[in-house]
2 protein chains.
Amino acid sequence: MTKAKHSRFDCSPGCAVEATVSLIGGKWKSIILWHLHADGTLRFSELRRRIPNVTQRTMTNQLRELEQDGLVHRKVYPQVPPKVEYSLTELGRGLVPILEALKHWGDANLDRFGKPSSTADQTTE
Amino acid sequence: MTKAKHSRFDCSPGCAVEATVSLIGGKWKSIILWHLHADGTLRFSELRRRIPNVTQRTMTNQLRELEQDGLVHRKVYPQVPPKVEYSLTELGRGLVPILEALKHWGDANLDRFGKPSSTADQTTE
DNA sequence: GCACATAGTATCAATAAGGATACCACGTGA
DNA sequence: TCACGTGGTATCCTTATTGATACTATGTGC
């Protein structure tokens, strides 16, 4: 892990849970991992098209951290203009059950949050 | 959700994943949820004993957010000294497969991180 | 009478994370 | 020749999150 939020593993029962969450808890990391899972190998520009709201700087940062944690593979083609491909590593593919569970729960329950179940939300953009 | 990290649900495929992560992504939230799952109903002081490094203020904050998100139930007994019990709601219990998957992955892979088991780590700072 | 436990609240500070903006070298297409 | 795309880097700023510390009212036990 690039840097655990609180850098200590006391190996209490919650430890594994919390450490794993910290790997995927970066603001955009779970979405990046999701897209690499759903669409396979993607280039930087393809990721940016799929996740338009993240800045270039942040996308680069989070991809680098995911790479450093061994979850994502970065392949650079020696050409100009540059071509870089990102894909899940075997370790990263191990996170797929988690991503699927997260999506399953979210799909089933997200309408309880922020979605226009609230009339106030219905009037917003 | 008390406040989504980036407050928009565009309902792209990653949306459900990322929104769910943001519910459990508070620094101590996943550990709190884990202990409420593992040990059932717990009092505030019991949680603090299980998670000694969190400050009282932060524990209160995160529990309040989990309650506001409907994941945790807070029961106050009208007595002195005060007695408050926290437990997972039905919605919160729906997160258990996620917590189990997180723990499973962490147990299988955490030795790659933060612990000096990696030779690469041994040579680095 | 005092220390302790309970479950907090209040306030300010510190740290971390992410955003905004400008810039880069080169090939390609118009 | 210029605009654009590629995949970034650099720097500073803003925001969010968490931590540190002090304090609270009451009952209980010593």
# chains A, B, ... in the order shown; residues from 1 in each chain; ligands from 1
>>> calpha_fit_rmsd(fixed="chain A", moving="chain B")
2.3 Å
>>> closest_atom_pairs(of="chain B", to="chain A", cutoff="6 Å", atoms="only C-alpha atoms", output="Markdown table")
| residue | atom | partner | partner_atom | distance |
| --- | --- | --- | --- | --- |
| B:Met1 | CA | A:Phe113 | CA | 5.7 |
| B:Gly14 | CA | A:Ile31 | CA | 4.9 |
| B:Ala16 | CA | A:Gly106 | CA | 4.5 |
| B:Val17 | CA | A:Lys103 | CA | 4.6 |
| B:Glu18 | CA | A:Ser30 | CA | 5.7 |
| B:Thr20 | CA | A:Gly106 | CA | 5.6 |
| B:Gly25 | CA | A:Gly25 | CA | 5.9 |
| B:Ser30 | CA | A:Glu18 | CA | 5.7 |
| B:Ile31 | CA | A:Gly14 | CA | 4.9 |
| B:Ile98 | CA | A:Ala101 | CA | 5.7 |
| B:Ala101 | CA | A:Ile98 | CA | 5.7 |
| B:Leu102 | CA | A:Val17 | CA | 5.1 |
| B:Lys103 | CA | A:Val17 | CA | 4.6 |
| B:Gly106 | CA | A:Ala16 | CA | 4.5 |
| B:Asp107 | CA | A:Ala16 | CA | 5.8 |
| B:Phe113 | CA | A:Met1 | CA | 5.7 |
>>> write_last_selection(atoms="N, CA, C and O atoms", output="PDB file, in the first residue's frame")
ATOM      1  N   MET B   1     -26.361   8.903   2.206  1.00  0.00           N
ATOM      2  CA  MET B   1     -24.947   9.176   2.446  1.00  0.00           C
ATOM      3  C   MET B   1     -24.825  10.568   3.031  1.00  0.00           C
ATOM      4  O   MET B   1     -25.417  11.515   2.560  1.00  0.00           O
ATOM      5  N   GLY B  14     -19.498   2.713 -12.817  1.00  0.00           N
ATOM      6  CA  GLY B  14     -18.705   2.774 -11.601  1.00  0.00           C
ATOM      7  C   GLY B  14     -19.405   3.428 -10.441  1.00  0.00           C
ATOM      8  O   GLY B  14     -18.987   3.308  -9.305  1.00  0.00           O
ATOM      9  N   ALA B  16     -22.182   2.983  -8.682  1.00  0.00           N
ATOM     10  CA  ALA B  16     -22.624   2.198  -7.530  1.00  0.00           C
ATOM     11  C   ALA B  16     -21.435   1.737  -6.709  1.00  0.00           C
ATOM     12  O   ALA B  16     -21.470   1.728  -5.476  1.00  0.00           O
ATOM     13  N   VAL B  17     -20.373   1.388  -7.400  1.00  0.00           N
ATOM     14  CA  VAL B  17     -19.173   0.931  -6.706  1.00  0.00           C
ATOM     15  C   VAL B  17     -18.603   2.052  -5.844  1.00  0.00           C
ATOM     16  O   VAL B  17     -18.360   1.886  -4.654  1.00  0.00           O
ATOM     17  N   GLU B  18     -18.437   3.188  -6.473  1.00  0.00           N
ATOM     18  CA  GLU B  18     -17.769   4.303  -5.805  1.00  0.00           C
ATOM     19  C   GLU B  18     -18.628   4.899  -4.702  1.00  0.00           C
ATOM     20  O   GLU B  18     -18.137   5.307  -3.657  1.00  0.00           O
ATOM     21  N   THR B  20     -20.789   3.264  -2.912  1.00  0.00           N
ATOM     22  CA  THR B  20     -20.770   2.323  -1.790  1.00  0.00           C
ATOM     23  C   THR B  20     -19.458   2.437  -1.029  1.00  0.00           C
ATOM     24  O   THR B  20     -19.443   2.446   0.210  1.00  0.00           O
ATOM     25  N   GLY B  25     -15.874   4.308   3.573  1.00  0.00           N
ATOM     26  CA  GLY B  25     -14.506   4.743   3.417  1.00  0.00           C
ATOM     27  C   GLY B  25     -13.987   5.644   4.518  1.00  0.00           C
ATOM     28  O   GLY B  25     -12.813   5.954   4.561  1.00  0.00           O
ATOM     29  N   SER B  30     -15.024   1.178   8.380  1.00  0.00           N
ATOM     30  CA  SER B  30     -15.030  -0.236   8.043  1.00  0.00           C
ATOM     31  C   SER B  30     -14.707  -1.097   9.264  1.00  0.00           C
ATOM     32  O   SER B  30     -15.252  -2.192   9.425  1.00  0.00           O
ATOM     33  N   ILE B  31     -13.858  -0.585  10.137  1.00  0.00           N
ATOM     34  CA  ILE B  31     -13.553  -1.342  11.347  1.00  0.00           C
ATOM     35  C   ILE B  31     -14.753  -1.367  12.287  1.00  0.00           C
ATOM     36  O   ILE B  31     -15.073  -2.390  12.898  1.00  0.00           O
ATOM     37  N   ILE B  98     -19.650  -7.619   1.734  1.00  0.00           N
ATOM     38  CA  ILE B  98     -18.536  -6.772   1.338  1.00  0.00           C
ATOM     39  C   ILE B  98     -17.421  -6.834   2.391  1.00  0.00           C
ATOM     40  O   ILE B  98     -16.243  -7.005   2.066  1.00  0.00           O
ATOM     41  N   ALA B 101     -15.674 -10.079   2.144  1.00  0.00           N
ATOM     42  CA  ALA B 101     -14.803 -10.139   0.965  1.00  0.00           C
ATOM     43  C   ALA B 101     -13.543  -9.299   1.197  1.00  0.00           C
ATOM     44  O   ALA B 101     -12.439  -9.700   0.812  1.00  0.00           O
ATOM     45  N   LEU B 102     -13.712  -8.156   1.839  1.00  0.00           N
ATOM     46  CA  LEU B 102     -12.556  -7.319   2.149  1.00  0.00           C
ATOM     47  C   LEU B 102     -11.590  -8.045   3.074  1.00  0.00           C
ATOM     48  O   LEU B 102     -10.371  -8.044   2.875  1.00  0.00           O
ATOM     49  N   LYS B 103     -12.142  -8.675   4.096  1.00  0.00           N
ATOM     50  CA  LYS B 103     -11.296  -9.396   5.033  1.00  0.00           C
ATOM     51  C   LYS B 103     -10.621 -10.584   4.370  1.00  0.00           C
ATOM     52  O   LYS B 103      -9.432 -10.832   4.585  1.00  0.00           O
ATOM     53  N   GLY B 106      -7.881  -9.273   2.247  1.00  0.00           N
ATOM     54  CA  GLY B 106      -6.820  -8.742   3.103  1.00  0.00           C
ATOM     55  C   GLY B 106      -6.027  -9.839   3.773  1.00  0.00           C
ATOM     56  O   GLY B 106      -4.785  -9.800   3.797  1.00  0.00           O
ATOM     57  N   ASP B 107      -6.717 -10.838   4.280  1.00  0.00           N
ATOM     58  CA  ASP B 107      -6.026 -11.954   4.931  1.00  0.00           C
ATOM     59  C   ASP B 107      -5.102 -12.668   3.961  1.00  0.00           C
ATOM     60  O   ASP B 107      -4.018 -13.122   4.324  1.00  0.00           O
ATOM     61  N   PHE B 113       2.093  -6.177   1.895  1.00  0.00           N
ATOM     62  CA  PHE B 113       2.198  -4.750   2.174  1.00  0.00           C
ATOM     63  C   PHE B 113       2.770  -4.531   3.558  1.00  0.00           C
ATOM     64  O   PHE B 113       2.800  -5.416   4.383  1.00  0.00           O
TER      65      PHE B 113
END
>>> closest_residue(among="A:Thr58, A:Pro52, A:Leu47, A:Arg74", to="chain C", atoms="only C-alpha atoms (C1' of nucleotides)")
A:Thr58
>>> closest_atom_pairs(of="chain C", to="chain B", cutoff="10 Å", atoms="only C-alpha atoms (C1' of nucleotides)", output="tab-separated table")
residue	atom	partner	partner_atom	distance
C:DA5	C1'	B:Pro81	CA	8.2
C:DT6	C1'	B:Pro81	CA	5.4
C:DA7	C1'	B:Pro82	CA	6.4
C:DG8	C1'	B:Thr60	CA	7.6
C:DT9	C1'	B:Arg57	CA	8.4
C:DA10	C1'	B:Arg57	CA	9.9
>>> select_by_dssp(residues="chain A", states="strand (DSSP E)", output="VMD selection string")
chain A and resid 42 to 43 72 to 77 83 to 88
>>> closest_atom_pairs(of="chain D", to="chain A", cutoff="9 Å", atoms="only C-alpha atoms (C1' of nucleotides)", output="tab-separated table")
residue	atom	partner	partner_atom	distance
D:DG5	C1'	A:Pro81	CA	8.2
D:DT6	C1'	A:Pro81	CA	5.3
D:DG7	C1'	A:Pro82	CA	6.3
D:DG8	C1'	A:Thr60	CA	7.7
D:DT9	C1'	A:Arg57	CA	8.4
>>> residues_around(residues="DC2 (chain C)", least_positions_apart="3", cutoff="12 Å", atoms="only C-alpha atoms (C1' of nucleotides)", output="list in words")
DT28, DG29 and DC30 of chain D
>>> atom_distance(atom1="CA of His37 (chain A)", atom2="CA of Asp111 (chain A)")
24.1 Å
>>> atom_distance(atom1="CA of His73 (chain A)", atom2="CA of Leu42 (chain A)")
10.6 Å
>>> atom_distance(atom1="C1' of DA13 (chain C)", atom2="C1' of DC12 (chain D)")
21.4 Å
>>> select_by_dssp(residues="region 40-81 of chain A", states="alpha helix (DSSP H)", output="PyMOL selection string")
chain A and resi 44-50+56-68
